[in-house]
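Engineer: To be precise about what I am sending: the file is called entry.txt and holds compact mmCIF, C-alpha atoms and all ligand atoms.
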# COMPACT_ATOMS: atom_id res chain seq x y z
CA MET A 1 -53.44 62.50 -14.25
CA LEU A 2 -52.55 58.79 -14.11
CA LEU A 3 -54.51 55.60 -14.58
CA ARG A 4 -53.45 52.83 -12.24
CA VAL A 5 -54.26 49.36 -13.59
CA ASP A 6 -53.49 45.88 -12.40
CA ARG A 7 -50.22 44.73 -13.97
CA ARG A 8 -51.95 41.81 -15.71
CA ASN A 9 -54.36 44.17 -17.51
CA ALA A 10 -51.74 46.76 -18.42
CA GLY A 11 -51.08 45.66 -22.03
CA PRO A 12 -54.70 45.88 -23.28
CA ALA A 13 -55.32 49.09 -21.30
CA ILE A 14 -52.29 50.84 -22.83
CA ALA A 15 -53.27 49.70 -26.32
CA ARG A 16 -56.82 50.99 -25.86
CA LEU A 17 -55.72 54.37 -24.49
CA ARG A 18 -53.19 54.75 -27.29
CA ALA A 19 -55.87 54.01 -29.90
CA MET A 20 -58.15 56.60 -28.27
CA GLY A 21 -55.37 59.23 -28.26
CA THR A 22 -55.69 59.53 -24.47
CA LEU A 23 -52.20 58.26 -23.62
CA GLU A 24 -49.69 61.03 -22.84
CA ARG A 25 -46.73 60.01 -24.97
CA GLY A 26 -44.23 62.50 -23.53
CA ARG A 27 -44.22 60.85 -20.10
CA LEU A 28 -42.99 57.49 -18.81
CA ILE A 29 -45.26 54.61 -17.83
CA ARG A 30 -44.49 53.68 -14.22
CA ARG A 31 -44.43 50.02 -13.19
CA SER A 32 -44.42 48.27 -9.83
CA LYS A 33 -44.71 44.58 -9.03
CA GLU A 34 -48.52 44.81 -8.76
CA TRP A 35 -49.65 47.76 -10.86
CA VAL A 36 -48.83 50.02 -13.79
CA GLU A 37 -49.52 53.76 -13.86
CA ILE A 38 -50.25 55.23 -17.27
CA PRO A 39 -49.99 59.00 -17.90
CA LEU A 40 -53.16 60.44 -19.42
CA LEU A 41 -54.10 63.52 -21.45
CA ALA A 42 -57.84 63.13 -20.72
CA PRO A 43 -60.10 61.06 -18.45
CA PRO A 44 -60.19 57.37 -19.46
CA PRO A 45 -63.33 55.33 -20.16
CA PRO A 46 -65.00 54.13 -16.95
CA GLY A 47 -63.99 50.80 -15.45
CA LEU A 48 -60.51 50.68 -16.99
CA GLY A 49 -58.69 51.31 -13.72
CA GLN A 50 -58.28 53.76 -10.88
CA ILE A 51 -57.49 57.43 -11.52
CA VAL A 52 -54.71 58.80 -9.32
CA GLU A 53 -53.23 62.26 -9.00
CA GLY A 54 -49.67 62.98 -10.03
CA GLU A 55 -47.48 62.68 -13.06
CA THR A 56 -44.58 60.53 -14.17
CA ALA A 57 -41.18 61.72 -15.39
CA PRO A 58 -40.81 63.07 -18.93
CA VAL A 59 -39.56 60.59 -21.52
CA GLY A 60 -35.82 60.89 -22.13
CA ARG A 61 -34.86 62.06 -18.67
CA GLN A 62 -33.19 59.59 -16.31
CA VAL A 63 -34.97 60.13 -13.02
CA PRO A 64 -32.95 59.31 -9.90
CA PRO A 65 -34.58 56.62 -7.70
CA TYR A 66 -35.13 59.05 -4.84
CA GLU A 67 -37.15 61.39 -7.07
CA ARG A 68 -39.07 58.43 -8.45
CA ALA A 69 -39.87 57.22 -4.94
CA VAL A 70 -40.96 60.67 -3.77
CA SER A 71 -43.15 61.30 -6.78
CA SER A 72 -44.89 57.94 -6.54
CA ALA A 73 -45.41 57.80 -2.74
CA ARG A 74 -49.03 58.61 -2.00
CA ILE A 75 -48.60 60.50 1.24
CA PRO A 76 -49.63 64.02 2.34
CA ALA A 77 -47.49 66.64 0.60
CA GLY A 78 -46.31 68.07 3.93
CA LEU A 79 -44.64 64.78 4.84
CA ARG A 80 -42.69 64.28 1.62
CA ARG A 81 -39.65 66.15 2.89
CA LEU A 82 -39.29 63.46 5.59
CA LEU A 83 -38.78 60.69 3.03
CA PRO A 84 -35.28 59.22 3.25
CA ASP A 85 -32.75 60.09 0.53
CA LYS A 86 -30.43 57.28 1.72
CA TRP A 87 -31.00 53.56 2.09
CA GLU A 88 -29.14 50.27 2.19
CA ARG A 89 -29.66 47.97 -0.74
CA LEU A 90 -28.51 44.47 0.06
CA GLY A 91 -29.08 42.22 -2.92
CA ARG A 92 -32.86 41.99 -3.43
CA VAL A 93 -33.68 43.61 -0.09
CA LEU A 94 -33.96 47.30 0.74
CA LEU A 95 -33.40 48.66 4.26
CA LEU A 96 -35.03 51.98 5.03
CA ARG A 97 -34.96 54.22 8.07
CA LEU A 98 -38.19 56.15 8.55
CA PRO A 99 -38.93 58.85 11.11
CA GLY A 100 -41.83 58.22 13.49
CA ARG A 101 -44.05 60.78 11.74
CA LEU A 102 -44.19 58.50 8.68
CA GLU A 103 -45.46 55.54 10.75
CA GLY A 104 -49.00 55.66 9.31
CA HIS A 105 -47.69 55.66 5.72
CA LYS A 106 -44.87 53.14 6.04
CA VAL A 107 -46.33 50.47 3.76
CA GLU A 108 -47.19 52.93 1.01
CA ILE A 109 -43.66 54.38 1.27
CA ALA A 110 -42.17 50.90 1.10
CA ARG A 111 -44.16 50.27 -2.11
CA ALA A 112 -42.91 53.52 -3.64
CA TYR A 113 -39.25 52.75 -2.88
CA ALA A 114 -39.62 49.14 -4.02
CA GLY A 115 -40.98 50.38 -7.36
CA ALA A 116 -38.27 53.03 -7.71
CA LEU A 117 -35.40 50.70 -6.85
CA GLY A 118 -36.72 47.47 -8.35
CA VAL A 119 -36.72 45.34 -5.18
CA GLN A 120 -39.37 43.03 -3.77
CA THR A 121 -38.63 43.21 -0.06
CA VAL A 122 -38.44 46.34 2.09
CA ILE A 123 -37.35 46.21 5.71
CA ARG A 124 -37.49 49.07 8.15
CA ASP A 125 -34.29 49.51 10.12
CA LEU A 126 -35.48 50.61 13.54
CA SER A 127 -32.31 51.08 15.50
CA GLY A 128 -29.06 50.03 13.89
CA SER A 129 -27.37 46.97 15.41
CA ARG A 130 -27.55 46.31 19.14
CA GLY A 131 -25.97 44.15 21.79
CA VAL A 132 -23.00 41.82 21.87
CA LEU A 133 -24.31 39.86 18.90
CA ARG A 134 -24.93 43.07 16.91
CA GLU A 135 -28.48 42.00 16.06
CA PRO A 136 -30.53 44.61 14.21
CA THR A 137 -34.08 45.59 15.20
CA THR A 138 -36.17 45.56 12.06
CA GLU A 139 -39.74 45.50 10.78
CA LEU A 140 -40.80 43.85 7.54
CA LEU A 141 -42.79 46.40 5.50
CA LEU A 142 -43.13 44.72 2.12
CA GLY A 143 -42.49 41.30 0.62
CA GLU A 144 -41.90 37.98 2.30
CA ARG A 145 -38.37 36.77 1.72
CA THR A 146 -35.82 38.58 3.84
CA GLU A 147 -32.94 36.29 2.97
CA THR A 148 -30.70 37.87 0.37
CA VAL A 149 -27.39 37.42 -1.43
CA HIS A 150 -25.36 40.60 -1.47
CA LYS A 151 -22.30 40.83 -3.73
CA GLU A 152 -19.35 42.95 -2.77
CA ASN A 153 -15.87 42.95 -4.30
CA TYR A 154 -16.42 39.51 -5.93
CA VAL A 155 -17.57 37.99 -2.62
CA ARG A 156 -21.13 36.73 -2.14
CA TYR A 157 -22.74 37.12 1.26
CA CYS A 158 -25.96 35.24 1.91
CA PHE A 159 -27.86 36.24 5.07
CA ASP A 160 -31.24 37.17 6.49
CA ALA A 161 -31.34 40.96 6.36
CA ALA A 162 -34.12 41.07 8.97
CA SER A 163 -32.00 39.46 11.67
CA ILE A 164 -28.36 39.99 10.72
CA MET A 165 -26.45 43.24 10.35
CA PHE A 166 -24.54 44.18 7.23
CA SER A 167 -22.97 47.59 7.43
CA SER A 168 -22.32 49.20 4.05
CA GLY A 169 -20.21 51.75 5.92
CA ASN A 170 -17.65 48.99 6.58
CA MET A 171 -17.19 48.11 2.92
CA ALA A 172 -13.82 49.84 2.51
CA GLU A 173 -12.56 48.07 5.62
CA ARG A 174 -13.70 44.67 4.33
CA ILE A 175 -11.86 45.35 1.07
CA ARG A 176 -8.78 46.58 2.95
CA MET A 177 -8.64 43.29 4.87
CA GLY A 178 -8.75 41.39 1.57
CA LYS A 179 -5.60 43.26 0.55
CA ALA A 180 -3.85 43.14 3.92
CA VAL A 181 -3.42 39.38 4.15
CA ARG A 182 -0.09 37.96 2.90
CA PRO A 183 0.34 34.63 1.06
CA GLY A 184 0.75 31.69 3.40
CA GLU A 185 -0.45 33.51 6.51
CA THR A 186 -2.64 31.98 9.19
CA VAL A 187 -5.43 34.35 10.20
CA VAL A 188 -7.84 34.20 13.14
CA ASP A 189 -11.04 36.20 12.72
CA MET A 190 -12.36 36.41 16.28
CA PHE A 191 -15.79 37.88 15.40
CA ALA A 192 -16.46 36.44 11.97
CA GLY A 193 -20.22 37.03 11.68
CA ILE A 194 -21.36 35.72 8.30
CA GLY A 195 -17.79 35.99 7.02
CA TYR A 196 -17.51 39.76 6.51
CA PHE A 197 -13.68 39.83 6.63
CA SER A 198 -12.78 36.14 6.45
CA LEU A 199 -14.31 35.75 2.98
CA GLN A 200 -12.58 38.84 1.54
CA MET A 201 -9.27 37.54 2.86
CA ALA A 202 -9.79 34.01 1.55
CA VAL A 203 -11.04 35.14 -1.87
CA HIS A 204 -8.51 37.94 -2.51
CA GLY A 205 -5.44 36.97 -0.50
CA ARG A 206 -3.70 33.63 -0.42
CA PRO A 207 -3.74 32.76 3.28
CA LYS A 208 -2.93 29.24 4.37
CA ALA A 209 -5.87 29.21 6.77
CA VAL A 210 -8.49 31.53 8.21
CA PHE A 211 -10.04 30.39 11.50
CA ALA A 212 -13.44 32.13 11.65
CA CYS A 213 -15.06 32.21 15.12
CA GLU A 214 -18.73 33.10 15.55
CA LEU A 215 -20.97 32.99 18.61
CA ASN A 216 -24.41 33.66 17.11
CA PRO A 217 -25.80 30.33 15.76
CA VAL A 218 -27.80 32.03 13.01
CA SER A 219 -24.77 33.98 11.76
CA PHE A 220 -22.70 30.82 12.07
CA ARG A 221 -25.09 28.92 9.82
CA TYR A 222 -24.71 31.62 7.16
CA LEU A 223 -20.94 31.67 7.65
CA VAL A 224 -20.81 27.95 6.82
CA GLN A 225 -23.11 28.50 3.83
CA ASN A 226 -21.03 31.45 2.57
CA ILE A 227 -17.81 29.48 2.77
CA SER A 228 -19.21 27.01 0.24
CA LEU A 229 -20.95 29.74 -1.80
CA ASN A 230 -17.53 31.37 -2.32
CA LYS A 231 -15.68 28.04 -2.69
CA VAL A 232 -13.14 28.73 0.04
CA GLY A 233 -13.77 25.60 2.09
CA ARG A 234 -10.11 24.64 1.87
CA ILE A 235 -9.05 27.92 3.51
CA VAL A 236 -11.73 29.04 5.95
CA ILE A 237 -12.34 26.91 9.05
CA PRO A 238 -15.58 27.91 10.83
CA LEU A 239 -15.55 27.58 14.63
CA GLU A 240 -18.85 28.00 16.46
CA GLY A 241 -18.77 29.52 19.94
CA ASP A 242 -17.13 32.21 22.05
CA CYS A 243 -13.79 33.11 20.48
CA ARG A 244 -12.23 33.09 23.96
CA GLU A 245 -12.89 29.36 24.00
CA VAL A 246 -12.79 28.22 20.39
CA ALA A 247 -9.97 30.29 18.82
CA PRO A 248 -6.74 28.29 18.55
CA GLU A 249 -3.73 29.74 20.39
CA GLY A 250 -0.15 30.31 19.26
CA VAL A 251 -1.02 30.01 15.55
CA ALA A 252 -1.88 33.38 14.02
CA ASP A 253 0.18 35.78 11.91
CA ARG A 254 -2.82 38.09 11.86
CA VAL A 255 -5.86 38.50 14.13
CA VAL A 256 -8.98 40.39 13.07
CA MET A 257 -10.97 41.77 16.00
CA GLY A 258 -14.09 43.14 14.28
CA HIS A 259 -16.17 44.07 17.30
CA PHE A 260 -16.50 47.42 19.05
CA ASP A 261 -15.70 45.75 22.39
CA SER A 262 -12.63 44.03 20.97
CA LEU A 263 -10.31 45.70 23.50
CA ASP A 264 -11.87 43.49 26.18
CA PHE A 265 -10.64 40.48 24.17
CA LEU A 266 -7.01 41.62 23.92
CA PRO A 267 -5.58 39.02 26.37
CA LYS A 268 -7.03 36.23 24.22
CA ALA A 269 -5.89 37.86 20.96
CA LEU A 270 -2.32 38.04 22.26
CA ARG A 271 -2.43 34.32 23.06
CA VAL A 272 -3.84 33.57 19.60
CA LEU A 273 -0.79 35.18 17.93
CA ARG A 274 2.33 33.12 17.26
CA PRO A 275 4.99 33.44 19.97
CA GLU A 276 7.19 35.37 17.50
CA GLY A 277 4.40 37.95 16.95
CA GLY A 278 2.11 39.20 14.22
CA VAL A 279 -0.49 41.83 13.43
CA LEU A 280 -3.71 42.72 15.28
CA HIS A 281 -6.55 44.65 13.66
CA VAL A 282 -8.32 46.13 16.69
CA HIS A 283 -11.76 47.68 16.06
CA CYS A 284 -13.24 50.14 18.54
CA LEU A 285 -15.20 53.35 18.93
CA SER A 286 -13.22 56.46 19.78
CA ARG A 287 -13.97 60.09 20.45
CA LYS A 288 -12.94 61.98 17.32
CA ASP A 289 -10.59 64.34 19.13
CA ARG A 290 -8.81 61.42 20.86
CA ILE A 291 -7.95 59.39 17.73
CA PRO A 292 -5.76 57.35 17.92
CA GLN A 293 -4.29 58.04 21.35
CA GLU A 294 -7.21 56.98 23.54
CA ALA A 295 -7.50 53.50 21.98
CA TRP A 296 -3.76 53.07 21.49
CA ASP A 297 -3.11 53.74 25.22
CA ARG A 298 -5.51 50.91 26.09
CA VAL A 299 -3.91 48.52 23.60
CA ARG A 300 -0.41 49.36 24.86
CA ARG A 301 -1.42 48.77 28.49
CA GLY A 302 -3.07 45.47 27.48
CA MET A 303 0.09 44.36 25.68
CA GLU A 304 2.25 45.21 28.68
CA GLU A 305 -0.06 43.18 30.94
CA GLY A 306 0.19 40.27 28.47
CA GLY A 307 4.00 40.51 28.45
CA ARG A 308 4.18 41.70 24.82
CA ARG A 309 5.43 44.82 23.08
CA GLY A 310 4.27 46.38 19.86
CA GLU A 311 3.87 49.43 17.70
CA LEU A 312 0.95 51.24 16.15
CA VAL A 313 1.47 50.71 12.43
CA HIS A 314 -1.66 52.44 11.16
CA CYS A 315 -5.01 53.84 12.31
CA GLU A 316 -7.90 53.45 9.88
CA ARG A 317 -10.98 55.67 10.26
CA VAL A 318 -13.82 53.40 9.12
CA LYS A 319 -16.87 55.62 9.58
CA SER A 320 -18.50 58.23 11.72
CA PHE A 321 -20.62 56.29 14.21
CA LYS A 322 -22.46 59.10 15.96
CA PRO A 323 -21.68 62.77 16.52
CA ARG A 324 -18.01 63.14 17.52
CA VAL A 325 -17.52 59.34 17.76
CA TRP A 326 -15.74 57.27 15.10
CA HIS A 327 -15.41 53.60 14.34
CA ILE A 328 -11.65 53.10 13.96
CA VAL A 329 -9.26 50.18 13.47
CA LEU A 330 -5.76 50.11 14.93
CA ASP A 331 -3.28 47.96 13.02
CA VAL A 332 -0.81 46.88 15.67
CA GLY A 333 2.44 45.08 15.03
CA VAL A 334 3.09 42.81 18.04
CA LYS A 335 6.48 41.33 18.94
C1 LIG B 1 -20.07 43.54 14.82
S1 LIG B 1 -20.36 42.00 14.17
C2 LIG B 1 -19.21 41.97 12.93
C3 LIG B 1 -19.35 43.16 12.11
C4 LIG B 1 -18.38 43.17 11.01
N1 LIG B 1 -17.09 43.40 11.57
C5 LIG B 1 -18.71 44.17 9.94
O1 LIG B 1 -17.81 44.83 9.52
O2 LIG B 1 -19.82 44.33 9.49
C6 LIG B 1 -19.60 41.08 15.40
C7 LIG B 1 -19.87 39.60 15.37
O3 LIG B 1 -19.20 39.03 16.48
C8 LIG B 1 -20.02 38.04 17.05
N2 LIG B 1 -19.58 37.86 18.45
C9 LIG B 1 -19.84 38.63 19.52
N3 LIG B 1 -19.19 38.18 20.61
C10 LIG B 1 -18.49 37.10 20.21
C11 LIG B 1 -17.60 36.19 20.87
N4 LIG B 1 -17.32 36.33 22.15
N5 LIG B 1 -17.03 35.21 20.14
C12 LIG B 1 -17.30 35.07 18.83
N6 LIG B 1 -18.14 35.89 18.14
C13 LIG B 1 -18.72 36.89 18.83
C14 LIG B 1 -21.43 38.56 16.88
O4 LIG B 1 -22.36 37.52 16.92
C15 LIG B 1 -21.32 39.24 15.51
O5 LIG B 1 -21.67 38.35 14.49
Would it be possible to restate this file's structure as structure tokens?
Structural biologist:
Amino acid sequence: MLLRVDRRNAGPAIARLRAMGTLERGRLIRRSKEWVEIPLLAPPPPGLGQIVEGETAPVGRQVPPYERAVSSARIPAGLRRLLPDKWERLGRVLLLRLPGRLEGHKVEIARAYAGALGVQTVIRDLSGSRGVLREPTTELLLGERTETVHKENYVRYCFDAASIMFSSGNMAERIRMGKAVRPGETVVDMFAGIGYFSLQMAVHGRPKAVFACELNPVSFRYLVQNISLNKVGRIVIPLEGDCREVAPEGVADRVVMGHFDSLDFLPKALRVLRPEGGVLHVHCLSRKDRIPQEAWDRVRRGMEEGGRRGELVHCERVKSFKPRVWHIVLDVGVK
């Protein structure tokens, strides 16, 4: 049995229950932003708070957040197995995917996860990212501020998690790009977003310049903000608009093409490279059993049409995207 009290009244309530011998000392007191739940050995005096069913974890045992969330979510027992055991935590914001059967309990679930993971804002991720601009469909379940600062590999990304994607599954690729860039290189990031790759390259490599192109005005605003947040204003040059129009040509040692449709942009990418050549990082989706041949055939044909030759240096498997389909990156050396 637990006593739920308003957070502001928790101190006096705990002291009173302790003095009465009613507090169960072997179990943890559970705290959320608004309330505190106190484990009890016997019914409390009337008017002290609200009695709720359940129990907290024993003292001395580190309870994983998932278990904490499940035990504190007040939903019918039969639905508990549907609660997610994975989530995205982006700074102070939590992104959750919930099946439709939990619709009627979504706010209570958001409260339970917020308490378990110590965040104030919970957003429901309804679909993953969609469309050319990769905008997520989301629903705010708890809290007010959806803007967050997420730290990754010493880079700070500020963005609005309700309207801008940030794929944790791409983390290794972002870090790989930070290591790939060579000192003095000029890089063009054709689909920069909020600076996913450009910032890793500018912070961890020593490029001469990174031209970061972004079409979505909201992402572009955060890109500009993140360049100053990470103090790389002397390296990263933000360019707002369609990369086919704004990316400079004949300048790049390296071109990052971080969009699933990047193969459609190959003619432009080839023009962006220096005449003597360079490296392309071509992102795409590929059937698992056709990696890397399916994508490489398309790149090779595109290079032939653009009057260039090249070799496949490496194929990186970034993440499984859906059954039998992978997000991959081809590193292509172009002459
Ligand atoms: C898929 S997101 C980037 C994802 C990122 N690579 C990651 O790892 O999380 C692609 C970005 O390209 C932008 N974009 C789409 N078409 C564009 C274009 N023609 N020119 C410039 N940016 C574009 C979108 O607005 C979006 O911010």
Engineer: May I have the residues within 8 Å of ligand LIG 1 (chain B), computed using only C-alpha atoms and all ligand atoms, as a ChimeraX atom specification?
Structural biologist: /A:132-135,164-168,170-171,173-174,190-194,196-197,213-216,219-220,240-244,257-260
Engineer: Could you tell me how far atom CA of A:Arg300 lies from atom CA of A:Ala252, in Å and to one decimal?
Structural biologist: 19.4 Å
Engineer: Which residues of stretch 179-225 of chain A have any atom within 12 Å of an atom in stretch 263-277 of chain A when counting all atoms listed in the file, and what is the closest pair of atoms for each, with the distance in Å to one decimal? Order the rows by chain and rising number and write it as JSON lines.
Structural biologist:
{"residue": "A:Glu185", "atom": "CA", "partner": "A:Arg274", "partner_atom": "CA", "distance": 11.1}
{"residue": "A:Thr186", "atom": "CA", "partner": "A:Leu273", "partner_atom": "CA", "distance": 9.5}
{"residue": "A:Val187", "atom": "CA", "partner": "A:Leu273", "partner_atom": "CA", "distance": 9.1}
{"residue": "A:Val188", "atom": "CA", "partner": "A:Val272", "partner_atom": "CA", "distance": 7.6}
{"residue": "A:Asp189", "atom": "CA", "partner": "A:Ala269", "partner_atom": "CA", "distance": 9.9}
{"residue": "A:Met190", "atom": "CA", "partner": "A:Ala269", "partner_atom": "CA", "distance": 8.1}
{"residue": "A:Phe191", "atom": "CA", "partner": "A:Phe265", "partner_atom": "CA", "distance": 10.5}
{"residue": "A:Phe211", "atom": "CA", "partner": "A:Val272", "partner_atom": "CA", "distance": 10.7}
Engineer: Choose the residue, out of A:Lys322, A:Ile175, A:Arg8, A:Leu3, that has the smallest atom-to-atom separation from A:Leu41; count all atoms listed in the file.
Structural biologist: A:Leu3
Engineer: When you count all atoms listed in the file, which of these residues is closest to A:Phe159: A:Gly195, A:Gly11, A:Gly178, A:Gly143?
Structural biologist: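 Among A:Gly195, A:Gly11, A:Gly178, A:Gly143, it is A:Gly195 that comes nearest to A:Phe159.
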Engineer: Please report, as CSV, each residue of stretch 138-170 of chain A lying at most 8 Å from stretch 91-107 of chain A, together with the nearest pair of atoms and the separation in Å rounded to one decimal; use all atoms listed in the file, and order rows by chain and ascending residue number.
Structural biologist:
residue,atom,partner,partner_atom,distance
A:Leu141,CA,A:Val107,CA,5.7
A:Leu142,CA,A:Val107,CA,6.8
A:Thr146,CA,A:Val93,CA,6.7
A:Glu147,CA,A:Val93,CA,8.0
A:Thr148,CA,A:Gly91,CA,5.7
A:Val149,CA,A:Gly91,CA,5.3
A:His150,CA,A:Gly91,CA,4.3
A:Lys151,CA,A:Gly91,CA,7.0
A:Ala161,CA,A:Val93,CA,7.4
Engineer: Which of these residues is nearest to A:Val236, using only C-alpha atoms: A:Arg254, A:Arg81, A:Lys208, A:His283?
Structural biologist: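 Ranking A:Arg254, A:Arg81, A:Lys208, A:His283 by distance to A:Val236, first place goes to A:Lys208.
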Engineer: Kindly provide the residues of stretch 75-124 of chain A that approach stretch 13-33 of chain A to within 9 Å, each paired with its closest atom pair and their distance in Å to one decimal, based on all atoms listed in the file, listed by chain and increasing number, as a Markdown table.
Structural biologist:
| residue | atom | partner | partner_atom | distance |
| --- | --- | --- | --- | --- |
| A:Arg111 | CA | A:Ser32 | CA | 8.0 |
| A:Ala112 | CA | A:Ser32 | CA | 8.3 |
| A:Ala114 | CA | A:Ser32 | CA | 7.6 |
| A:Gly115 | CA | A:Ser32 | CA | 4.7 |
| A:Ala116 | CA | A:Ser32 | CA | 8.1 |
| A:Gly118 | CA | A:Ser32 | CA | 7.9 |
| A:Val119 | CA | A:Lys33 | CA | 8.9 |
| A:Gln120 | CA | A:Lys33 | CA | 7.7 |
Engineer: With C-alpha atoms retained, write the just-selected residues as a short mmCIF file (atom, residue, chain, number, x, y, z; two decimals), keeping the file's coordinate frame.
Structural biologist:
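For reference, again-v4.cif as written:
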data_model
loop_
_atom_site.label_atom_id
_atom_site.label_comp_id
_atom_site.auth_asym_id
_atom_site.auth_seq_id
_atom_site.Cartn_x
_atom_site.Cartn_y
_atom_site.Cartn_z
CA ARG A 111 -44.16 50.27 -2.11
CA ALA A 112 -42.91 53.52 -3.64
CA ALA A 114 -39.62 49.14 -4.02
CA GLY A 115 -40.98 50.38 -7.36
CA ALA A 116 -38.27 53.03 -7.71
CA GLY A 118 -36.72 47.47 -8.35
CA VAL A 119 -36.72 45.34 -5.18
CA GLN A 120 -39.37 43.03 -3.77
#
Engineer: How far is it from atom CA of A:Glu152 to atom CA of A:Arg124, in Å with one decimal?
Structural biologist: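 Between atom CA of A:Glu152 and atom CA of A:Arg124 the gap works out to 22.0 Å.
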Engineer: Env of stretch 60-72 of chain A: 7 Å cut, atoms = only C-alpha atoms, seq-sep filter 2 positions within chain, self excluded. Answer as a ChimeraX atom specification.
Structural biologist: /A:57-58,74,80,85,112-113,116-117
Engineer: For stretch 222-235 of chain A, where the input has fewer atoms than it should, I would like N, CA and C atoms rebuilt and written as a CSV table (one decimal), keeping the file's coordinate frame.
Structural biologist:
chain,number,residue,atom,x,y,z
A,222,TYR,N,-25.0,30.9,8.4
A,222,TYR,CA,-24.7,31.6,7.2
A,222,TYR,C,-23.2,31.6,6.8
A,223,LEU,N,-22.4,31.7,7.9
A,223,LEU,CA,-20.9,31.7,7.6
A,223,LEU,C,-20.6,30.4,6.9
A,224,VAL,N,-21.1,29.3,7.4
A,224,VAL,CA,-20.8,28.0,6.8
A,224,VAL,C,-21.3,27.9,5.4
A,225,GLN,N,-22.5,28.5,5.2
A,225,GLN,CA,-23.1,28.5,3.8
A,225,GLN,C,-22.3,29.4,2.9
A,226,ASN,N,-21.8,30.5,3.4
A,226,ASN,CA,-21.0,31.4,2.6
A,226,ASN,C,-19.6,30.9,2.2
A,227,ILE,N,-19.1,30.1,3.1
A,227,ILE,CA,-17.8,29.5,2.8
A,227,ILE,C,-18.0,28.6,1.5
A,228,SER,N,-19.0,27.8,1.5
A,228,SER,CA,-19.2,27.0,0.2
A,228,SER,C,-19.7,27.9,-0.9
A,229,LEU,N,-20.5,28.9,-0.7
A,229,LEU,CA,-21.0,29.7,-1.8
A,229,LEU,C,-19.8,30.4,-2.5
A,230,ASN,N,-18.7,30.7,-1.8
A,230,ASN,CA,-17.5,31.4,-2.3
A,230,ASN,C,-16.4,30.4,-2.6
A,231,LYS,N,-16.7,29.1,-2.4
A,231,LYS,CA,-15.7,28.0,-2.7
A,231,LYS,C,-14.3,28.2,-2.0
A,232,VAL,N,-14.4,28.5,-0.7
A,232,VAL,CA,-13.1,28.7,0.0
A,232,VAL,C,-13.1,27.7,1.2
A,233,GLY,N,-13.7,26.6,1.0
A,233,GLY,CA,-13.8,25.6,2.1
A,233,GLY,C,-12.4,25.0,2.5
A,234,ARG,N,-11.4,25.2,1.5
A,234,ARG,CA,-10.1,24.6,1.9
A,234,ARG,C,-9.3,25.6,2.7
A,235,ILE,N,-9.8,26.9,2.8
A,235,ILE,CA,-9.0,27.9,3.5
A,235,ILE,C,-9.7,28.3,4.8
